[in-house]
Structures are given as C-alpha cells and as structure tokens.
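Structure first, then comments.
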Amino acid sequence: MRTVALGVLALLLAGPRPPTASAAPTAREVLDQRKALDDTTRKWTDRQEHLKLTIKDARGGERERALMLYERRLPSDERQTIVFFESPAEVKGTGFLAYTYKGRPADQWLYLPELKRIRQITPRSRTESFVGTDLSYQDLDIIQEMSSWSEADARSSLRSEETVDGVPTYVIELIPQREDIGYKKIVIWLGRDDLVPRRLEFYGDASEPTKRIVQRDLHDVGRIPMSQHIEVETPARGSRTTIESSDAAFDQHYEDDLFTQRALERGQR
C-alpha cells in the first residue's frame, strides 16, 4: 500500500539474497533483510506515479479519484510525499502533503481548494478517512514508516509460511509498542523469495482484521518492483478501495520546493 497511499506499498526487490527456508530465519532476520534491500541496490531517492482510486461502498455505490503522487527519501529513514488530485471536479485541486519520520507520527496537511485553506491533520483526525477511501491518514503513515521499524516499535514473530496467490510467503506478526501506531496487531505476508509484501492485515480488539490490504500484479520499473493493483478492504463496513498504478518513474531529481505547503496551494505544475 504505497501510497495513498497509496502506491507506497512497493518495496525493493534486488540486492542481497533473502533468507531461505532452510536457514530457519527469525522474523527479525527477515525484516532486517527486507530493510537491507531497501538501502542497497534497490535504493531510490525519489519517485512518482499516477494512481486511479475506485471506492466501492457496502450498498454498491462507486466513486473514482485520479491523482499524481510524488515522494522522496531523506536520510534517517524520513520521507516526504505530496499528492495532487486531478479528478473528478469535486476533488480536483485538493492536495496532500506528508513528512514521515522514524519513530514518531508524521506531519500531514490537506489543502482544500474550495476553502483556499491548508488543514493540518491533528492527532485526533489521524483515524479519519483519506478523501473517502478505506485508508486513514494514520494508515498512510504506518505504511510509509513500517519498513524502518525496530523491535522497540513493534515486536515481531514468525507465525508460519503460507502461499498467497501462488507465492510462498513468510507470515510475520507485529505487536506495536507505540501508542501512536493505533493498532493492536499487524500481520504481513512477505514473499519468501523476494520479500515483497503480498498482504497486510491490521487488527484492533476484535479477532477479525479491521483492515486488509492485498498487493497484486507486480512488475519491475528498472530494478524496483511496483504493484499495479492494490485492494484495501474494511471488512466490517463492507467497503473496498482499488488502487491502479501507472506511469511510475524513479530518481527524477525533484526540487526541494515541490514538497512544501506553498506547493500544495500552487497545485500541480
């Protein structure tokens, strides 16, 4: 679930060899190997992609959103992301800006063109839906930050190995240790051979997942795998958001002023 997330779930797929089943890795070893891939031959400095969101509610209603997403990685596992909505008319001109940090909540802002005002996302509003999708502002932050988590952020355990859409995966259970993460448990299915996530489930107090994210149709953009199809489901509500990705590109060398509140107000160039 990249980002809003969207497209932000794509992970790095080359570099050091992942652990094999015969090595009997621990969950932390698998996660550290995933992080090593992120920091070595699959490392990128910035990226862009076009996203089409299709939001379906429990009654069968359907809405679409189209947007451009730009992101860059900074030292110390920090990221900056800006999103510009292109359609439909009621959301065109809306913008979203996020500064993601390691070990603490992101700073996030939403620009509302009809009010000509930037709204900062507060701790209280982090659980609100991101422009009507099945992702909350908190989910966007978690997806961005998760790959840099240590055991101090979330205790990890290797639950089993399962096959997802024909792909053998490690099933890793994470128990968050920070209150701001907001979930009691997160389960991630990582491809055994490539350490790319195929599924994520987020749990509150109930035994059933609060939210489920499935990533399919992987393809390489240069050396980096991207998912062209992501589904985000809220089972209790019966809603689903489908994210279709296209036109992805990496290392475009964006200027600093793209990732600013001024750029939110100015809109996409």
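Naming works like this for the structure tokens: A, B, ... for the chains as they're shown, residue 1 at the start of each chain, ligands 1 onward in shown order.
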
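Near Arg119 of chain A, within a cut-off of 12 Å and counting only C-alpha atoms, sit the residues Thr94, Gly95, Phe96, Leu97, Asp107, Gln108, Trp109, Leu110, Tyr111, Leu112, Pro113, Leu115, Lys116, Thr122, Ser125, Gln261, Leu264 and Glu265 of chain A, with same-chain residues fewer than 3 positions away left out.
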
What does the file look like for those residues with C-alpha atoms, as a compact mmCIF listing (two decimals), in the first residue's frame?
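Once written, result10.txt looks like this:
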# COMPACT_ATOMS: atom_id res chain seq x y z
CA THR A 94 -7.09 19.03 -3.49
CA GLY A 95 -3.56 18.36 -2.27
CA PHE A 96 -1.97 16.27 0.46
CA LEU A 97 1.50 16.69 1.96
CA ASP A 107 3.28 15.72 9.96
CA GLN A 108 0.42 15.83 7.44
CA TRP A 109 -1.50 18.61 5.70
CA LEU A 110 -4.53 18.67 3.38
CA TYR A 111 -5.22 21.56 1.01
CA LEU A 112 -8.90 22.25 0.32
CA PRO A 113 -9.26 24.41 -2.84
CA LEU A 115 -11.78 26.99 1.08
CA LYS A 116 -8.35 28.05 -0.19
CA THR A 122 -4.10 16.57 14.07
CA SER A 125 -8.13 13.36 12.99
CA GLN A 261 2.88 23.85 1.79
CA LEU A 264 0.10 22.50 -2.05
CA GLU A 265 -1.52 25.89 -2.62

Fewer than 5 positions away in the same chain doesn't count, so skip those; otherwise give me all residues within 9 Å of Ala58 of chain A, counting only C-alpha atoms, as a PyMOL selection string. chain A and resi 237-240

Could you please take those selected residues and save C-alpha atoms as an mmCIF file, in the first residue's frame?
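result_0.cif written:
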data_model
loop_
_atom_site.group_PDB
_atom_site.id
_atom_site.type_symbol
_atom_site.label_atom_id
_atom_site.label_comp_id
_atom_site.auth_asym_id
_atom_site.auth_seq_id
_atom_site.Cartn_x
_atom_site.Cartn_y
_atom_site.Cartn_z
ATOM 1 C CA ARG A 237 -18.003 -1.732 6.779
ATOM 2 C CA GLY A 238 -18.189 -3.771 3.591
ATOM 3 C CA SER A 239 -16.243 -1.180 1.620
ATOM 4 C CA ARG A 240 -13.274 -1.539 -0.683
#

To one decimal place, how far is atom CA of Arg178 of chain A from atom CA of Tyr137 of chain A in Å? 16.7 Å

Can you list every residue in segment 82-152 of chain A that DSSP puts in strand (DSSP E), as a ChimeraX atom specification? /A:82-87,95-100,107-112,117-120

Could you turn the residues from that selection into a file that holds C-alpha atoms, as a CSV table (one decimal), in the first residue's frame?
chain,number,residue,atom,x,y,z
A,82,ILE,CA,2.9,15.2,-2.0
A,83,VAL,CA,-0.3,14.3,-3.8
A,84,PHE,CA,-2.3,16.3,-6.3
A,85,PHE,CA,-5.9,15.2,-7.1
A,86,GLU,CA,-6.8,15.6,-10.8
A,87,SER,CA,-10.4,14.4,-11.0
A,95,GLY,CA,-3.6,18.4,-2.3
A,96,PHE,CA,-2.0,16.3,0.5
A,97,LEU,CA,1.5,16.7,2.0
A,98,ALA,CA,3.2,14.4,4.5
A,99,TYR,CA,6.6,14.4,6.2
A,100,THR,CA,7.2,10.8,7.5
A,107,ASP,CA,3.3,15.7,10.0
A,108,GLN,CA,0.4,15.8,7.4
A,109,TRP,CA,-1.5,18.6,5.7
A,110,LEU,CA,-4.5,18.7,3.4
A,111,TYR,CA,-5.2,21.6,1.0
A,112,LEU,CA,-8.9,22.2,0.3
A,117,ARG,CA,-7.0,26.7,3.1
A,118,ILE,CA,-4.5,24.2,4.4
A,119,ARG,CA,-5.7,22.0,7.1
A,120,GLN,CA,-3.2,20.2,9.4

Might you pull out every residue within 12 Å of Glu162 of chain A, with only C-alpha atoms counted and same-chain residues fewer than 4 positions away left off, and present them as a PyMOL selection string? chain A and resi 21+158+166-172+188-192+198-199

Would you mind exporting C-alpha atoms of the selected residues as a CSV table (one decimal), in the first residue's frame?
chain,number,residue,atom,x,y,z
A,21,ALA,CA,13.5,-21.6,4.3
A,158,LEU,CA,7.4,-15.5,12.5
A,166,GLY,CA,0.6,-18.9,-5.7
A,167,VAL,CA,3.6,-17.1,-4.0
A,168,PRO,CA,5.2,-18.7,-0.9
A,169,THR,CA,5.4,-16.2,1.9
A,170,TYR,CA,6.7,-15.6,5.4
A,171,VAL,CA,3.8,-14.6,7.7
A,172,ILE,CA,5.1,-12.2,10.3
A,188,ILE,CA,2.3,-9.0,7.0
A,189,TRP,CA,2.8,-11.7,4.3
A,190,LEU,CA,6.2,-11.2,2.7
A,191,GLY,CA,7.2,-13.1,-0.5
A,192,ARG,CA,9.7,-15.8,0.7
A,198,ARG,CA,1.5,-9.6,-0.8
A,199,ARG,CA,-0.9,-8.9,2.1

Counting only C-alpha atoms, figure out which residue out of A:Arg63, A:Arg159, A:Arg216, A:Arg73 gets nearest to Asp39 of chain A. A:Arg73

Just the residues within 6 Å of segment 23-33 of chain A, please, counting only C-alpha atoms, with nothing from its chain fewer than 3 positions along; format it as an MDAnalysis selection string. chainID A and resid 20 36 156:158

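Ranking A:Glu145, A:Tyr254, A:Asp57, A:Leu195 by their shortest atom-to-atom distance to Thr133 of chain A, with only C-alpha atoms included, puts A:Asp57 first.
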
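Of the listed residues (A:Met146, A:Leu74, A:Leu67, A:Leu218), A:Leu67 comes nearest to Lys92 of chain A; the distances count only C-alpha atoms.
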
Report as JSON lines the residues of segment 221-254 of chain A within 7 Å of segment 46-50 of chain A, each with its shortest atom pair and distance in Å (one decimal), using only C-alpha atoms, ordered by chain and increasing residue number.
{"residue": "A:Ser245", "atom": "CA", "partner": "A:His50", "partner_atom": "CA", "distance": 5.8}
{"residue": "A:Ser246", "atom": "CA", "partner": "A:His50", "partner_atom": "CA", "distance": 5.2}
{"residue": "A:Asp247", "atom": "CA", "partner": "A:Glu49", "partner_atom": "CA", "distance": 5.4}
{"residue": "A:Ala248", "atom": "CA", "partner": "A:Glu49", "partner_atom": "CA", "distance": 4.2}
{"residue": "A:Ala249", "atom": "CA", "partner": "A:Gln48", "partner_atom": "CA", "distance": 5.5}
{"residue": "A:Phe250", "atom": "CA", "partner": "A:Arg47", "partner_atom": "CA", "distance": 4.2}
{"residue": "A:Asp251", "atom": "CA", "partner": "A:Asp46", "partner_atom": "CA", "distance": 4.9}
{"residue": "A:Gln252", "atom": "CA", "partner": "A:Asp46", "partner_atom": "CA", "distance": 6.4}
{"residue": "A:His253", "atom": "CA", "partner": "A:Asp46", "partner_atom": "CA", "distance": 6.8}

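You will find atom CA of Thr234 of chain A at 16.3 Å from atom CA of Ile142 of chain A.
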
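The shortest atom-to-atom distance to Ile143 of chain A, with only C-alpha atoms taken into account, belongs to A:Leu200 out of A:Ala263, A:Val214, A:Leu51, A:Leu200.
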
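The alpha helix (DSSP H) portion of segment 76-244 of chain A consists of Tyr137, Gln138, Asp139, Leu140, Asp141, Ile142, Ile143, Gln144 and Glu145 of chain A, with states taken from DSSP on the backbone.
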
Can you write just those residues out, C-alpha atoms, as a PDB file, in the first residue's frame?
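Saved result, selection.pdb, follows:
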ATOM      1  CA  TYR A 137      -4.243   9.267   7.494  1.00  0.00           C
ATOM      2  CA  GLN A 138      -2.811   7.008  10.174  1.00  0.00           C
ATOM      3  CA  ASP A 139      -2.677   4.073   7.725  1.00  0.00           C
ATOM      4  CA  LEU A 140      -0.709   6.172   5.243  1.00  0.00           C
ATOM      5  CA  ASP A 141       1.831   6.982   7.933  1.00  0.00           C
ATOM      6  CA  ILE A 142       2.148   3.351   9.053  1.00  0.00           C
ATOM      7  CA  ILE A 143       2.665   2.075   5.504  1.00  0.00           C
ATOM      8  CA  GLN A 144       5.410   4.629   4.904  1.00  0.00           C
ATOM      9  CA  GLU A 145       7.205   4.095   8.210  1.00  0.00           C
TER      10      GLU A 145
END

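Considering only C-alpha atoms, the residue among A:Lys52, A:Arg34, A:Lys43, A:Lys102 positioned nearest to Glu64 of chain A is A:Lys52.
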
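The space separating atom CA of Met68 of chain A from atom CA of Val164 of chain A comes to 29.4 Å.
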